[in-house]
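Visitor: One file is attached below, work.csv, containing CSV, C-alpha atoms.
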chain,number,residue,atom,x,y,z
A,1,MET,CA,22.1,149.9,129.4
A,2,SER,CA,24.9,147.3,129.0
A,3,VAL,CA,27.6,147.8,126.5
A,4,PRO,CA,28.7,144.6,124.6
A,5,VAL,CA,32.3,143.6,125.1
A,6,VAL,CA,34.2,144.1,121.9
A,7,ILE,CA,37.7,142.7,121.3
A,8,GLY,CA,39.7,144.0,118.4
A,9,GLY,CA,36.7,145.6,116.8
A,10,ALA,CA,34.6,142.3,116.8
A,11,ASP,CA,32.0,140.7,118.9
A,12,GLY,CA,30.5,137.3,119.4
A,13,PRO,CA,32.4,134.2,118.1
A,14,THR,CA,35.1,136.4,116.5
A,15,SER,CA,35.9,137.9,119.9
A,16,VAL,CA,36.4,134.4,121.2
A,17,PHE,CA,38.9,133.8,118.5
A,18,LEU,CA,40.6,137.1,118.9
A,19,ALA,CA,40.9,136.6,122.6
A,20,GLY,CA,42.9,133.5,121.6
A,21,ARG,CA,41.1,131.0,123.8
A,22,LEU,CA,37.8,129.4,124.9
A,23,GLY,CA,36.5,130.2,128.3
A,24,GLY,CA,39.2,130.4,131.1
A,25,GLY,CA,41.8,128.7,129.0
A,26,TRP,CA,42.0,125.3,130.8
A,27,ILE,CA,38.4,124.3,130.2
A,28,ASN,CA,36.5,124.2,126.9
A,29,ILE,CA,32.9,125.0,127.5
A,30,PHE,CA,32.0,124.1,123.9
A,31,GLY,CA,33.7,120.8,124.3
A,32,LEU,CA,31.8,120.1,127.5
A,33,CYS,CA,28.5,120.8,125.6
A,34,ILE,CA,29.6,118.4,122.9
A,35,VAL,CA,30.4,115.6,125.4
A,36,ILE,CA,27.1,116.1,127.1
A,37,ALA,CA,25.2,116.0,123.8
A,38,ILE,CA,27.0,112.8,122.9
A,39,LEU,CA,26.3,111.2,126.3
A,40,ILE,CA,22.6,111.9,126.5
A,41,PRO,CA,21.4,109.4,123.9
A,42,ASN,CA,23.9,106.9,125.2
A,43,ILE,CA,22.5,107.2,128.7
A,44,ILE,CA,18.9,106.8,127.4
A,45,TYR,CA,20.1,103.7,125.5
A,46,ALA,CA,21.7,102.2,128.6
A,47,CYS,CA,18.5,102.8,130.6
A,48,LYS,CA,16.2,101.4,127.9
A,49,PHE,CA,18.3,98.4,127.0
A,50,ARG,CA,19.8,97.2,130.3
A,51,GLY,CA,21.9,94.1,130.2
A,52,VAL,CA,22.9,94.2,126.5
A,53,GLU,CA,25.9,91.9,126.2
A,54,ASN,CA,29.1,92.9,124.5
A,55,LYS,CA,29.8,90.2,121.9
A,56,CYS,CA,33.3,91.4,121.1
A,57,THR,CA,35.7,89.0,122.8
A,58,ASN,CA,38.9,90.9,121.7
A,59,LYS,CA,40.1,92.4,125.0
A,60,VAL,CA,42.7,94.6,123.3
A,61,MET,CA,40.0,96.3,121.1
A,62,ASN,CA,37.6,96.6,124.0
A,63,ILE,CA,40.4,98.3,126.1
A,64,LEU,CA,41.4,100.5,123.1
A,65,GLU,CA,37.8,101.7,122.7
A,66,GLN,CA,37.6,102.6,126.4
A,67,ILE,CA,41.0,104.4,126.5
A,68,GLY,CA,40.0,106.3,123.4
A,69,ARG,CA,36.5,107.1,124.6
A,70,TYR,CA,37.5,108.5,128.0
A,71,GLY,CA,40.6,110.1,126.6
A,72,CYS,CA,38.6,112.0,124.0
A,73,MET,CA,36.0,113.2,126.5
A,74,LEU,CA,38.7,114.4,129.0
A,75,LEU,CA,40.9,116.0,126.3
A,76,LEU,CA,37.9,117.8,124.7
A,77,VAL,CA,36.8,119.3,127.9
A,78,PHE,CA,40.1,119.9,129.9
A,79,SER,CA,43.3,121.4,128.6
A,80,ILE,CA,45.6,118.5,129.2
A,81,GLY,CA,48.8,118.6,127.3
A,82,ARG,CA,48.1,122.2,126.2
A,83,GLU,CA,48.5,125.5,127.8
A,84,GLU,CA,45.0,126.6,126.8
A,85,PHE,CA,42.3,125.9,124.2
A,86,ALA,CA,42.7,128.2,121.1
A,87,PHE,CA,42.2,128.2,117.4
A,88,GLY,CA,44.7,129.0,114.7
A,89,SER,CA,42.3,131.0,112.7
A,90,ILE,CA,38.7,132.3,112.5
A,91,PHE,CA,38.1,129.6,109.8
A,92,ALA,CA,39.2,126.8,112.2
A,93,PHE,CA,36.8,128.2,114.8
A,94,LEU,CA,33.9,128.3,112.3
A,95,VAL,CA,34.7,124.8,111.0
A,96,TYR,CA,34.7,123.6,114.7
A,97,LEU,CA,31.4,125.2,115.5
A,98,ILE,CA,29.5,124.4,112.2
A,99,GLY,CA,31.1,121.0,111.7
A,100,ASN,CA,30.4,119.8,115.2
A,101,ALA,CA,26.9,121.2,115.2
A,102,THR,CA,26.2,119.4,111.9
A,103,LEU,CA,27.7,116.1,113.1
A,104,LEU,CA,25.9,116.3,116.4
A,105,LEU,CA,22.6,116.9,114.6
A,106,ALA,CA,23.2,113.9,112.4
A,107,TYR,CA,24.2,111.8,115.5
A,108,TRP,CA,21.0,112.7,117.2
A,109,LEU,CA,18.9,112.0,114.1
A,110,VAL,CA,20.4,108.6,113.7
A,111,TRP,CA,19.8,107.8,117.4
A,112,ILE,CA,16.2,108.7,117.0
A,113,LEU,CA,15.9,106.4,114.0
A,114,TYR,CA,17.8,103.7,115.9
A,115,PHE,CA,15.4,103.9,118.8
A,116,VAL,CA,12.5,103.4,116.4
A,117,LYS,CA,14.2,100.4,114.6
A,118,GLN,CA,17.7,99.1,115.1
A,119,SER,CA,19.8,98.2,112.0
A,120,LYS,CA,23.4,97.5,111.2
A,121,TRP,CA,23.9,100.7,109.2
A,122,LYS,CA,22.6,102.8,112.1
A,123,SER,CA,24.8,101.0,114.6
A,124,LEU,CA,27.9,101.7,112.4
A,125,THR,CA,26.9,105.3,111.8
A,126,LEU,CA,26.6,105.8,115.6
A,127,ALA,CA,30.1,104.5,115.9
A,128,ILE,CA,31.5,106.6,113.1
A,129,LEU,CA,29.9,110.0,113.9
A,130,PRO,CA,31.4,110.5,117.4
A,131,THR,CA,34.8,109.5,116.0
A,132,LEU,CA,34.4,112.3,113.4
A,133,ILE,CA,33.3,114.8,116.1
A,134,PHE,CA,36.4,114.0,118.2
A,135,LEU,CA,38.7,114.1,115.1
A,136,LEU,CA,37.3,117.4,113.9
A,137,SER,CA,37.7,118.9,117.3
A,138,GLY,CA,41.3,117.7,117.6
A,139,ILE,CA,42.2,119.0,114.2
A,140,THR,CA,40.6,122.4,114.5
A,141,LEU,CA,42.0,122.9,118.0
A,142,GLN,CA,45.4,121.6,116.8
A,143,HIS,CA,45.3,119.2,119.8
A,144,VAL,CA,47.6,116.3,118.9
A,145,LEU,CA,46.6,114.2,122.0
A,146,LEU,CA,42.9,114.6,121.1
A,147,ILE,CA,43.6,113.5,117.6
A,148,VAL,CA,45.5,110.4,118.8
A,149,ALA,CA,42.7,109.6,121.3
A,150,ALA,CA,40.1,110.0,118.5
A,151,ILE,CA,41.9,107.6,116.3
A,152,LEU,CA,42.2,105.0,119.1
A,153,PHE,CA,38.6,105.5,119.9
A,154,GLY,CA,37.5,105.2,116.3
A,155,VAL,CA,39.5,102.0,115.6
A,156,GLY,CA,38.2,100.4,118.9
A,157,HIS,CA,34.6,101.6,118.7
A,158,ILE,CA,34.0,100.7,115.1
A,159,TYR,CA,35.6,97.3,115.5
A,160,VAL,CA,33.6,96.5,118.7
A,161,THR,CA,30.4,97.8,117.1
A,162,TRP,CA,31.0,95.7,114.0
A,163,LYS,CA,31.6,92.6,116.2
A,164,ASN,CA,28.4,93.3,118.1
A,165,ILE,CA,26.2,93.5,115.0
A,166,GLN,CA,27.4,90.3,113.3
Do you think you could lay out the structure here as C-alpha cells?
Guide:
Amino acid sequence: MSVPVVIGGADGPTSVFLAGRLGGGWINIFGLCIVIAILIPNIIYACKFRGVENKCTNKVMNILEQIGRYGCMLLLVFSIGREEFAFGSIFAFLVYLIGNATLLLAYWLVWILYFVKQSKWKSLTLAILPTLIFLLSGITLQHVLLIVAAILFGVGHIYVTWKNIQ
C-alpha cells in the first residue's frame, strides 16, 4: 500500500503550493501543458489552411508579435529570469489553475466554432484569449518578464489579426 506524500498537513495542489514551487523548480509542467494546449489547434489550422497570406505589412508589429509569442511560450515553461516557479499564495495557485483551465476551454471552443465557420469576432477572440492566458500566468506567478512578453504579444497579435480580417 502506498502512502500519499503530505507536505505541511496537505495533499494535492496545496502541497505544490506549500512546497513553494512547480516541478523541479526550473521547469513549469503546468505551463508546458498550457503551451501544448494552445499550439494544438494552431497546428491543425496550419495544416488545414496552408499558404494563408499575412496581410499585415507593418514589420514592427509582425516582429513584436513573434517576440511576444516565443517569449511567452519560453517564459511560461522555463524559469528564465527567476530562481524557480512559485506562487505567492494558495489563492494565486487556484486562480492560475482555474483561470487558465477556463480560458483554455473557451479558446478550444472558439477554435471549434472557427473551424466550422470563420468570422471576424472569432478571429479576434482567438487573438485575445491566449494573451489573457499568458497575462494571467505572469500575474499569478509574479513573473515580470512573462507579463511584459504577454503585453508585447497581445499588442502585436491583436493588431496583426485585426489587419488580416479587414
Visitor: Choose the residue, out of A:Ile128, A:Val116, A:Leu103, A:Ile38, that has the smallest atom-to-atom separation from Val160 in chain A; count all atoms listed in the file.
Guide: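 Among the listed residues, A:Ile128 lies closest to Val160 in chain A.
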Visitor: Which one is closest to Tyr70 in chain A: A:Ile139, A:Val35, A:Cys47, A:Ala92? Count only C-alpha atoms.
Guide: A:Val35
Visitor: Could you write out as lines of an AutoDock Vina configuration file the box around range 108-125 of chain A (axis-aligned, all atoms listed in the file, 4 Å on each side), with centre and edge lengths in Å to one decimal?
Guide:
center_x = 20.2
center_y = 105.1
center_z = 114.0
size_x = 23.4
size_y = 23.2
size_z = 17.6
Visitor: As an exercise, work out the distance from CA of Thr161 in chain A to CA of Cys56 in chain A in Å and give it to one decimal place.
Guide: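 Distance reported for this atom pair: 8.1 Å.
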Visitor: Find, counting all atoms listed in the file, the residue in A:Trp121, A:Tyr159, A:Leu113, A:Ile147 that gets nearest to Leu75 in chain A.
Guide: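 Result for the nearest residue to Leu75 in chain A: A:Ile147.
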Visitor: Rounded to one decimal, what separation in Å do you get between CA of Asn42 in chain A and CA of Phe85 in chain A?
Guide: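 These atoms are spaced 26.5 Å apart.
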Visitor: With a distance cut-off of 10 Å and all atoms listed in the file, select the neighbouring residues of Cys72 in chain A, excluding the residue or stretch itself and same-chain residues fewer than 4 positions from it, and output the selection as a VMD selection string.
Guide: chain A and resid 35 66 to 68 76 to 78 130 to 131 133 to 135 137 to 138 145 to 153
Visitor: Quote the spacing between CA of Ile63 in chain A and CA of Leu39 in chain A in Å to one decimal place.
Guide: 19.1 Å
Visitor: With all atoms listed in the file as the basis for distance, which of A:Ser79, A:Asn58, A:Asn100, A:Thr125 is at the shortest distance from Thr140 in chain A?
Guide: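 The closest residue to Thr140 in chain A is A:Asn100.
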